[in-house]
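run21.cif (mmCIF, C-alpha atoms)
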```cif
data_upload
#
loop_
_atom_site.group_PDB
_atom_site.id
_atom_site.type_symbol
_atom_site.label_atom_id
_atom_site.label_comp_id
_atom_site.auth_asym_id
_atom_site.auth_seq_id
_atom_site.Cartn_x
_atom_site.Cartn_y
_atom_site.Cartn_z
ATOM 1 C CA MET E 37 0.000 0.000 0.000
ATOM 2 C CA ASP E 38 1.348 3.349 -1.101
ATOM 3 C CA LEU E 39 0.488 6.384 1.051
ATOM 4 C CA SER E 40 1.874 9.900 0.935
ATOM 5 C CA LEU E 41 0.809 13.407 1.905
ATOM 6 C CA PHE E 42 1.591 16.631 0.108
ATOM 7 C CA PHE E 43 0.844 19.854 1.965
ATOM 8 C CA ALA E 44 -0.063 22.287 -0.819
ATOM 9 C CA GLY E 45 -1.196 24.958 1.625
ATOM 10 C CA THR E 46 -0.986 25.263 5.404
ATOM 11 C CA SER E 47 -1.902 28.872 6.037
ATOM 12 C CA ALA E 48 -5.196 29.848 7.605
ATOM 13 C CA SER E 49 -7.440 32.698 6.426
ATOM 14 C CA ALA E 50 -4.740 34.554 4.503
ATOM 15 C CA PRO E 51 -1.691 33.392 2.550
ATOM 16 C CA SER E 52 1.793 34.410 3.558
ATOM 17 C CA ALA E 53 4.888 34.774 1.395
ATOM 18 C CA ARG E 54 5.815 31.149 2.132
ATOM 19 C CA ARG E 55 2.498 29.444 2.871
ATOM 20 C CA GLY E 56 -0.558 29.001 0.670
ATOM 21 C CA MET E 57 -4.203 28.545 1.558
ATOM 22 C CA PRO E 58 -5.407 25.212 3.025
ATOM 23 C CA ALA E 59 -4.999 22.142 0.808
ATOM 24 C CA ILE E 60 -3.618 18.659 1.411
ATOM 25 C CA LEU E 61 -3.203 16.003 -1.281
ATOM 26 C CA VAL E 62 -3.341 12.396 -0.098
ATOM 27 C CA ARG E 63 -1.942 9.828 -2.498
ATOM 28 C CA ARG E 64 -3.018 6.288 -1.660
ATOM 29 C CA GLY E 65 -2.576 3.645 -4.316
ATOM 30 C CA GLY E 66 -4.099 5.077 -7.489
ATOM 31 C CA ASP E 67 -6.258 7.599 -5.621
ATOM 32 C CA ARG E 68 -5.332 11.279 -5.437
ATOM 33 C CA ILE E 69 -7.599 12.918 -2.873
ATOM 34 C CA LEU E 70 -7.507 16.638 -2.227
ATOM 35 C CA PHE E 71 -8.689 17.867 1.164
ATOM 36 C CA ASP E 72 -9.713 21.532 0.825
ATOM 37 C CA CYS E 73 -8.800 23.710 -2.123
ATOM 38 C CA GLY E 74 -7.812 27.203 -1.090
ATOM 39 C CA GLU E 75 -6.684 29.872 -3.550
ATOM 40 C CA GLY E 76 -3.425 28.933 -5.236
ATOM 41 C CA THR E 77 -3.878 25.178 -4.789
ATOM 42 C CA GLN E 78 -3.744 24.360 -8.489
ATOM 43 C CA ARG E 79 -0.553 26.372 -8.853
ATOM 44 C CA GLN E 80 1.081 24.530 -5.966
ATOM 45 C CA LEU E 81 0.021 21.159 -7.355
ATOM 46 C CA THR E 82 1.078 22.014 -10.915
ATOM 47 C CA ARG E 83 4.565 23.039 -9.846
ATOM 48 C CA SER E 84 5.096 19.979 -7.640
ATOM 49 C CA VAL E 85 3.123 16.714 -7.879
ATOM 50 C CA GLY E 86 0.800 17.398 -10.803
ATOM 51 C CA LEU E 87 -2.811 18.448 -11.174
ATOM 52 C CA ALA E 88 -4.613 16.216 -13.647
ATOM 53 C CA ASP E 89 -4.795 13.091 -11.511
ATOM 54 C CA VAL E 90 -6.938 14.424 -8.618
ATOM 55 C CA THR E 91 -9.718 11.837 -8.173
ATOM 56 C CA ASP E 92 -11.805 13.422 -5.387
ATOM 57 C CA VAL E 93 -12.015 16.676 -3.461
ATOM 58 C CA PHE E 94 -13.226 16.801 0.153
ATOM 59 C CA ILE E 95 -14.110 20.233 1.527
ATOM 60 C CA THR E 96 -14.011 20.572 5.326
ATOM 61 C CA HIS E 97 -16.205 23.658 5.586
ATOM 62 C CA LEU E 98 -17.434 26.517 3.476
ATOM 63 C CA HIS E 99 -15.319 29.409 4.671
ATOM 64 C CA ALA E 100 -13.869 30.860 1.471
ATOM 65 C CA ASP E 101 -10.243 30.139 2.395
ATOM 66 C CA HIS E 102 -10.976 26.385 2.190
ATOM 67 C CA TRP E 103 -12.714 26.188 -1.200
ATOM 68 C CA LEU E 104 -12.189 29.341 -3.244
ATOM 69 C CA GLY E 105 -9.502 27.699 -5.373
ATOM 70 C CA LEU E 106 -11.965 25.052 -6.530
ATOM 71 C CA PRO E 107 -13.855 26.952 -9.307
ATOM 72 C CA GLY E 108 -10.607 27.864 -11.044
ATOM 73 C CA MET E 109 -9.245 24.342 -10.723
ATOM 74 C CA LEU E 110 -12.453 22.899 -12.195
ATOM 75 C CA LYS E 111 -12.137 25.263 -15.163
ATOM 76 C CA THR E 112 -8.483 24.325 -15.616
ATOM 77 C CA PHE E 113 -9.448 20.637 -15.726
ATOM 78 C CA GLU E 114 -11.875 21.494 -18.542
ATOM 79 C CA LEU E 115 -9.248 23.489 -20.448
ATOM 80 C CA ARG E 116 -6.809 20.568 -20.138
ATOM 81 C CA GLU E 117 -9.478 18.240 -21.578
ATOM 82 C CA ARG E 118 -9.768 16.094 -18.485
ATOM 83 C CA ASP E 119 -11.903 13.037 -19.157
ATOM 84 C CA ARG E 120 -12.004 11.390 -15.725
ATOM 85 C CA PRO E 121 -15.090 12.269 -13.613
ATOM 86 C CA LEU E 122 -14.522 14.249 -10.411
ATOM 87 C CA THR E 123 -16.531 14.149 -7.197
ATOM 88 C CA VAL E 124 -16.484 17.040 -4.740
ATOM 89 C CA HIS E 125 -17.631 16.080 -1.236
ATOM 90 C CA GLY E 126 -18.421 18.333 1.696
ATOM 91 C CA PRO E 127 -20.987 19.485 4.222
ATOM 92 C CA SER E 128 -24.296 21.054 3.338
ATOM 93 C CA PRO E 129 -24.810 23.623 1.762
ATOM 94 C CA LEU E 130 -21.955 22.634 -0.607
ATOM 95 C CA ARG E 131 -24.354 21.949 -3.490
ATOM 96 C CA ALA E 132 -25.935 25.411 -3.242
ATOM 97 C CA VAL E 133 -22.523 27.120 -3.078
ATOM 98 C CA MET E 134 -21.276 25.198 -6.108
ATOM 99 C CA GLU E 135 -24.419 26.050 -8.071
ATOM 100 C CA ARG E 136 -23.778 29.749 -7.399
ATOM 101 C CA MET E 137 -20.252 29.264 -8.765
ATOM 102 C CA ARG E 138 -21.542 27.488 -11.901
ATOM 103 C CA PRO E 139 -21.219 30.633 -14.103
ATOM 104 C CA ILE E 140 -17.474 30.588 -13.362
ATOM 105 C CA PHE E 141 -16.665 26.953 -14.159
ATOM 106 C CA GLY E 142 -19.644 25.996 -16.366
ATOM 107 C CA ARG E 143 -20.765 22.400 -16.920
ATOM 108 C CA PRO E 144 -17.550 20.388 -17.169
ATOM 109 C CA SER E 145 -17.512 17.743 -19.902
ATOM 110 C CA TYR E 146 -15.533 15.387 -17.654
ATOM 111 C CA GLY E 147 -18.446 14.892 -15.278
ATOM 112 C CA LEU E 148 -18.689 16.670 -11.948
ATOM 113 C CA GLU E 149 -20.657 15.293 -9.023
ATOM 114 C CA ILE E 150 -21.318 17.276 -5.846
ATOM 115 C CA VAL E 151 -22.012 15.132 -2.769
ATOM 116 C CA GLU E 152 -23.129 16.597 0.542
ATOM 117 C CA LEU E 153 -21.989 14.450 3.443
ATOM 118 C CA GLU E 154 -23.180 13.863 6.984
ATOM 119 C CA PRO E 155 -20.919 12.703 9.834
ATOM 120 C CA GLY E 156 -20.373 8.957 9.638
ATOM 121 C CA GLN E 157 -21.401 8.703 5.960
ATOM 122 C CA ALA E 158 -18.376 6.714 4.798
ATOM 123 C CA ILE E 159 -17.104 6.842 1.221
ATOM 124 C CA GLY E 160 -15.767 3.407 0.257
ATOM 125 C CA ARG E 161 -12.515 3.057 -1.625
ATOM 126 C CA ASP E 162 -10.288 0.149 -2.562
ATOM 127 C CA GLY E 163 -9.035 -1.076 0.827
ATOM 128 C CA TYR E 164 -10.111 1.908 2.913
ATOM 129 C CA GLN E 165 -12.869 4.418 3.580
ATOM 130 C CA VAL E 166 -12.974 8.185 3.931
ATOM 131 C CA VAL E 167 -15.170 8.796 6.977
ATOM 132 C CA PRO E 168 -16.466 12.288 7.769
ATOM 133 C CA TYR E 169 -16.791 13.239 11.429
ATOM 134 C CA PRO E 170 -18.210 16.354 13.100
ATOM 135 C CA VAL E 171 -15.906 19.158 14.175
ATOM 136 C CA ARG E 172 -16.663 22.331 16.105
ATOM 137 C CA HIS E 173 -16.344 25.367 13.907
ATOM 138 C CA ARG E 174 -18.496 28.302 12.903
ATOM 139 C CA GLY E 175 -21.028 26.796 10.517
ATOM 140 C CA PRO E 176 -21.274 23.258 9.172
ATOM 141 C CA ALA E 177 -17.871 21.561 9.214
ATOM 142 C CA LEU E 178 -16.425 18.088 8.848
ATOM 143 C CA GLY E 179 -13.124 16.416 9.515
ATOM 144 C CA TYR E 180 -12.128 13.347 7.516
ATOM 145 C CA ALA E 181 -10.456 10.107 8.577
ATOM 146 C CA LEU E 182 -8.944 7.526 6.254
ATOM 147 C CA VAL E 183 -9.970 4.232 7.847
ATOM 148 C CA GLU E 184 -8.628 0.828 6.875
ATOM 149 C CA PRO E 185 -10.009 -2.522 7.980
ATOM 150 C CA PRO E 186 -7.999 -4.301 10.688
ATOM 151 C CA ARG E 187 -4.987 -6.177 9.360
ATOM 152 C CA PRO E 188 -4.217 -9.672 10.575
ATOM 153 C CA GLY E 189 -1.087 -10.267 12.596
ATOM 154 C CA ARG E 190 0.825 -8.229 15.138
ATOM 155 C CA PHE E 191 2.528 -4.926 14.667
#
```

Show the structure stored in the file as structure tokens.
Amino acid sequence: MDLSLFFAGTSASAPSARRGMPAILVRRGGDRILFDCGEGTQRQLTRSVGLADVTDVFITHLHADHWLGLPGMLKTFELRERDRPLTVHGPSPLRAVMERMRPIFGRPSYGLEIVELEPGQAIGRDGYQVVPYPVRHRGPALGYALVEPPRPGRF
């Protein structure tokens, strides 16, 4: 099992000269999962680990610093002729927010699905799950855990 993390942005609320807005890319096997997508995320990914292979995006909450990079990234995927569908997950009212952004990124030909999650509503993957859990924050917010089934043997 291959697992790596790339911190594309670790600043909160405002970027600094050395730190971008919140975004973490998890690479596990063939999956490339982006957690949050602050402004500048696509630039950070493009100049480091690549952009086109993101398979899912999970938004923690709907403060602008955690998702405002998403409309531009979706448009870039379209311009690069992406053909793999993309699912964006997050708390309600994610669907309503994304619909208001629709004039910016349009109706991507690669297929875009918006999924609003509730705590405990696990997303199954090959050999693991992404499980949202409640966090205390202003407004609806979720944390995410990558959960694997127990492995036999002793560690």

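Put simply, CA of Tyr164 (chain E) is 17.1 Å away from CA of Thr123 (chain E).
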
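Minimum atom-to-atom distance to Arg131 (chain E), evaluated using all atoms listed in the file, belongs to E:Leu98 out of E:Ala48, E:Tyr169, E:Leu98, E:Ala158.
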
(request) Fewer than 5 positions away in the same chain doesn't count, so skip those; otherwise give me all residues within 12 Å of Arg79 (chain E), counting only C-alpha atoms, as JSON, numbers by chain. (result) {"E": [44, 45, 56, 57, 59, 73, 74, 84, 85, 86, 87, 88, 105, 106, 108, 109, 112]}

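The residue set within 8 Å of Gly147 (chain E), counting only C-alpha atoms and dropping same-chain residues fewer than 6 places from it, reads Asp119, Arg120, Pro121 and Leu122 of chain E.
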
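The closest residue to Phe94 (chain E), picked from E:Pro188, E:Pro155, E:Gly142, E:Pro127 and counting all atoms listed in the file, is E:Pro127.
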
(request) Name the residues captured by the PyMOL selection byres ((chain E and resi 70-72) around 10) when it is applied to the shown file; answer as number ranges by chain. (result) E: 41-45, 57-63, 67-69, 73-75, 77, 90-98, 101-106, 124-126, 179-180

Go ahead and save the picked residues with C-alpha atoms, as an mmCIF file, keeping the file's coordinate frame.
```
data_model
loop_
_atom_site.group_PDB
_atom_site.id
_atom_site.type_symbol
_atom_site.label_atom_id
_atom_site.label_comp_id
_atom_site.auth_asym_id
_atom_site.auth_seq_id
_atom_site.Cartn_x
_atom_site.Cartn_y
_atom_site.Cartn_z
ATOM 1 C CA LEU E 41 0.809 13.407 1.905
ATOM 2 C CA PHE E 42 1.591 16.631 0.108
ATOM 3 C CA PHE E 43 0.844 19.854 1.965
ATOM 4 C CA ALA E 44 -0.063 22.287 -0.819
ATOM 5 C CA GLY E 45 -1.196 24.958 1.625
ATOM 6 C CA MET E 57 -4.203 28.545 1.558
ATOM 7 C CA PRO E 58 -5.407 25.212 3.025
ATOM 8 C CA ALA E 59 -4.999 22.142 0.808
ATOM 9 C CA ILE E 60 -3.618 18.659 1.411
ATOM 10 C CA LEU E 61 -3.203 16.003 -1.281
ATOM 11 C CA VAL E 62 -3.341 12.396 -0.098
ATOM 12 C CA ARG E 63 -1.942 9.828 -2.498
ATOM 13 C CA ASP E 67 -6.258 7.599 -5.621
ATOM 14 C CA ARG E 68 -5.332 11.279 -5.437
ATOM 15 C CA ILE E 69 -7.599 12.918 -2.873
ATOM 16 C CA CYS E 73 -8.800 23.710 -2.123
ATOM 17 C CA GLY E 74 -7.812 27.203 -1.090
ATOM 18 C CA GLU E 75 -6.684 29.872 -3.550
ATOM 19 C CA THR E 77 -3.878 25.178 -4.789
ATOM 20 C CA VAL E 90 -6.938 14.424 -8.618
ATOM 21 C CA THR E 91 -9.718 11.837 -8.173
ATOM 22 C CA ASP E 92 -11.805 13.422 -5.387
ATOM 23 C CA VAL E 93 -12.015 16.676 -3.461
ATOM 24 C CA PHE E 94 -13.226 16.801 0.153
ATOM 25 C CA ILE E 95 -14.110 20.233 1.527
ATOM 26 C CA THR E 96 -14.011 20.572 5.326
ATOM 27 C CA HIS E 97 -16.205 23.658 5.586
ATOM 28 C CA LEU E 98 -17.434 26.517 3.476
ATOM 29 C CA ASP E 101 -10.243 30.139 2.395
ATOM 30 C CA HIS E 102 -10.976 26.385 2.190
ATOM 31 C CA TRP E 103 -12.714 26.188 -1.200
ATOM 32 C CA LEU E 104 -12.189 29.341 -3.244
ATOM 33 C CA GLY E 105 -9.502 27.699 -5.373
ATOM 34 C CA LEU E 106 -11.965 25.052 -6.530
ATOM 35 C CA VAL E 124 -16.484 17.040 -4.740
ATOM 36 C CA HIS E 125 -17.631 16.080 -1.236
ATOM 37 C CA GLY E 126 -18.421 18.333 1.696
ATOM 38 C CA GLY E 179 -13.124 16.416 9.515
ATOM 39 C CA TYR E 180 -12.128 13.347 7.516
#
```

(request) For CA of Met137 (chain E) and CA of Gly66 (chain E), quote the distance in Å rounded to one decimal. (result) 29.1 Å

(message) What's the separation between CA of Lys111 (chain E) and CA of Thr82 (chain E), in Å to one decimal place?
(response) 14.3 Å

Size and centre in Å, one decimal, axis-aligned box, all listed region 100-116 of chain E atoms plus 8 Å per side, as lines of an AutoDock Vina configuration file:
```
center_x = -10.3
center_y = 25.7
center_z = -9.0
size_x = 23.1
size_y = 26.3
size_z = 38.8
```

(request) Taking the file above as input, evaluate the PyMOL selection byres ((chain E and resi 183) around 6) and report the hits as number ranges by chain. (result) E: 164-165, 181-182, 184

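Nearest to Val133 (chain E) of all the residues E:Leu115, E:Val166, E:Ala100, E:Ala53 is E:Ala100, counting only C-alpha atoms.
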
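Distance annotation: of E:Pro185, E:Pro51, E:Gly175, E:Pro139, the residue with the minimal separation from Gly160 (chain E) is E:Pro185; atom set is only C-alpha atoms.
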
(request) Considering all atoms listed in the file, state which residue in the set E:Pro176, E:Gly156, E:Pro168, E:Pro107 is at the smallest distance from Pro129 (chain E). (result)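 Smallest distance to Pro129 (chain E) is found for E:Pro176.
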
Starting from the sparse input, extend region 71-82 of chain E to all heavy atoms and give the output as a short mmCIF file (atom, residue, chain, number, x, y, z; two decimals), in the frame of the given file.
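result_39.cif was written with the following content:
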```
data_model
loop_
_atom_site.label_atom_id
_atom_site.label_comp_id
_atom_site.auth_asym_id
_atom_site.auth_seq_id
_atom_site.Cartn_x
_atom_site.Cartn_y
_atom_site.Cartn_z
N PHE E 71 -7.90 17.39 0.03
CA PHE E 71 -8.69 17.87 1.16
C PHE E 71 -8.54 19.38 1.22
O PHE E 71 -7.44 19.88 1.45
CB PHE E 71 -8.24 17.21 2.47
CG PHE E 71 -8.58 15.75 2.53
CD1 PHE E 71 -7.68 14.80 2.08
CD2 PHE E 71 -9.82 15.33 3.00
CE1 PHE E 71 -8.00 13.45 2.10
CE2 PHE E 71 -10.15 13.99 3.02
CZ PHE E 71 -9.24 13.04 2.57
N ASP E 72 -9.63 20.08 0.95
CA ASP E 72 -9.71 21.53 0.82
C ASP E 72 -8.97 22.00 -0.43
O ASP E 72 -8.12 21.29 -0.98
CB ASP E 72 -9.22 22.27 2.07
CG ASP E 72 -10.24 22.20 3.21
OD1 ASP E 72 -11.44 22.02 2.92
OD2 ASP E 72 -9.85 22.31 4.38
N CYS E 73 -9.36 23.18 -0.87
CA CYS E 73 -8.80 23.71 -2.12
C CYS E 73 -8.80 25.23 -2.05
O CYS E 73 -9.60 25.90 -2.69
CB CYS E 73 -9.63 23.22 -3.32
SG CYS E 73 -8.88 23.63 -4.91
N GLY E 74 -7.92 25.76 -1.22
CA GLY E 74 -7.81 27.20 -1.09
C GLY E 74 -7.22 27.83 -2.34
O GLY E 74 -6.72 27.14 -3.23
N GLU E 75 -7.27 29.16 -2.41
CA GLU E 75 -6.68 29.87 -3.55
C GLU E 75 -5.23 29.46 -3.72
O GLU E 75 -4.50 29.29 -2.74
CB GLU E 75 -6.72 31.37 -3.30
CG GLU E 75 -8.08 31.99 -3.39
CD GLU E 75 -8.00 33.47 -3.09
OE1 GLU E 75 -7.71 34.25 -4.01
OE2 GLU E 75 -8.20 33.82 -1.92
N GLY E 76 -4.81 29.29 -4.95
CA GLY E 76 -3.42 28.93 -5.24
C GLY E 76 -3.14 27.44 -5.21
O GLY E 76 -2.02 27.03 -5.51
N THR E 77 -4.12 26.62 -4.88
CA THR E 77 -3.88 25.18 -4.79
C THR E 77 -3.44 24.59 -6.12
O THR E 77 -2.47 23.83 -6.18
CB THR E 77 -5.13 24.45 -4.28
OG1 THR E 77 -5.43 24.89 -2.95
CG2 THR E 77 -4.93 22.95 -4.28
N GLN E 78 -4.13 24.95 -7.20
CA GLN E 78 -3.74 24.36 -8.49
C GLN E 78 -2.33 24.76 -8.89
O GLN E 78 -1.59 23.96 -9.47
CB GLN E 78 -4.77 24.65 -9.57
CG GLN E 78 -4.90 26.08 -9.99
CD GLN E 78 -5.86 26.23 -11.17
OE1 GLN E 78 -5.82 25.44 -12.10
NE2 GLN E 78 -6.70 27.23 -11.10
N ARG E 79 -1.93 25.95 -8.54
CA ARG E 79 -0.55 26.37 -8.85
C ARG E 79 0.45 25.54 -8.07
O ARG E 79 1.46 25.08 -8.61
CB ARG E 79 -0.38 27.85 -8.54
CG ARG E 79 0.99 28.39 -8.89
CD ARG E 79 1.04 29.91 -8.70
NE ARG E 79 2.33 30.42 -9.03
CZ ARG E 79 3.35 30.49 -8.18
NH1 ARG E 79 3.21 30.07 -6.94
NH2 ARG E 79 4.51 30.98 -8.55
N GLN E 80 0.18 25.34 -6.79
CA GLN E 80 1.08 24.53 -5.97
C GLN E 80 1.16 23.09 -6.47
O GLN E 80 2.23 22.51 -6.51
CB GLN E 80 0.62 24.54 -4.51
CG GLN E 80 0.89 25.82 -3.78
CD GLN E 80 2.38 26.08 -3.68
OE1 GLN E 80 2.95 26.83 -4.47
NE2 GLN E 80 3.03 25.45 -2.73
N LEU E 81 0.02 22.53 -6.84
CA LEU E 81 0.02 21.16 -7.36
C LEU E 81 0.73 21.07 -8.70
O LEU E 81 1.53 20.16 -8.92
CB LEU E 81 -1.41 20.63 -7.48
CG LEU E 81 -2.17 20.45 -6.16
CD1 LEU E 81 -3.61 20.00 -6.44
CD2 LEU E 81 -1.48 19.45 -5.25
N THR E 82 0.48 22.03 -9.58
CA THR E 82 1.08 22.01 -10.92
C THR E 82 2.59 22.09 -10.83
O THR E 82 3.30 21.40 -11.57
CB THR E 82 0.53 23.18 -11.76
OG1 THR E 82 -0.88 23.02 -11.88
CG2 THR E 82 1.15 23.21 -13.14
#
```
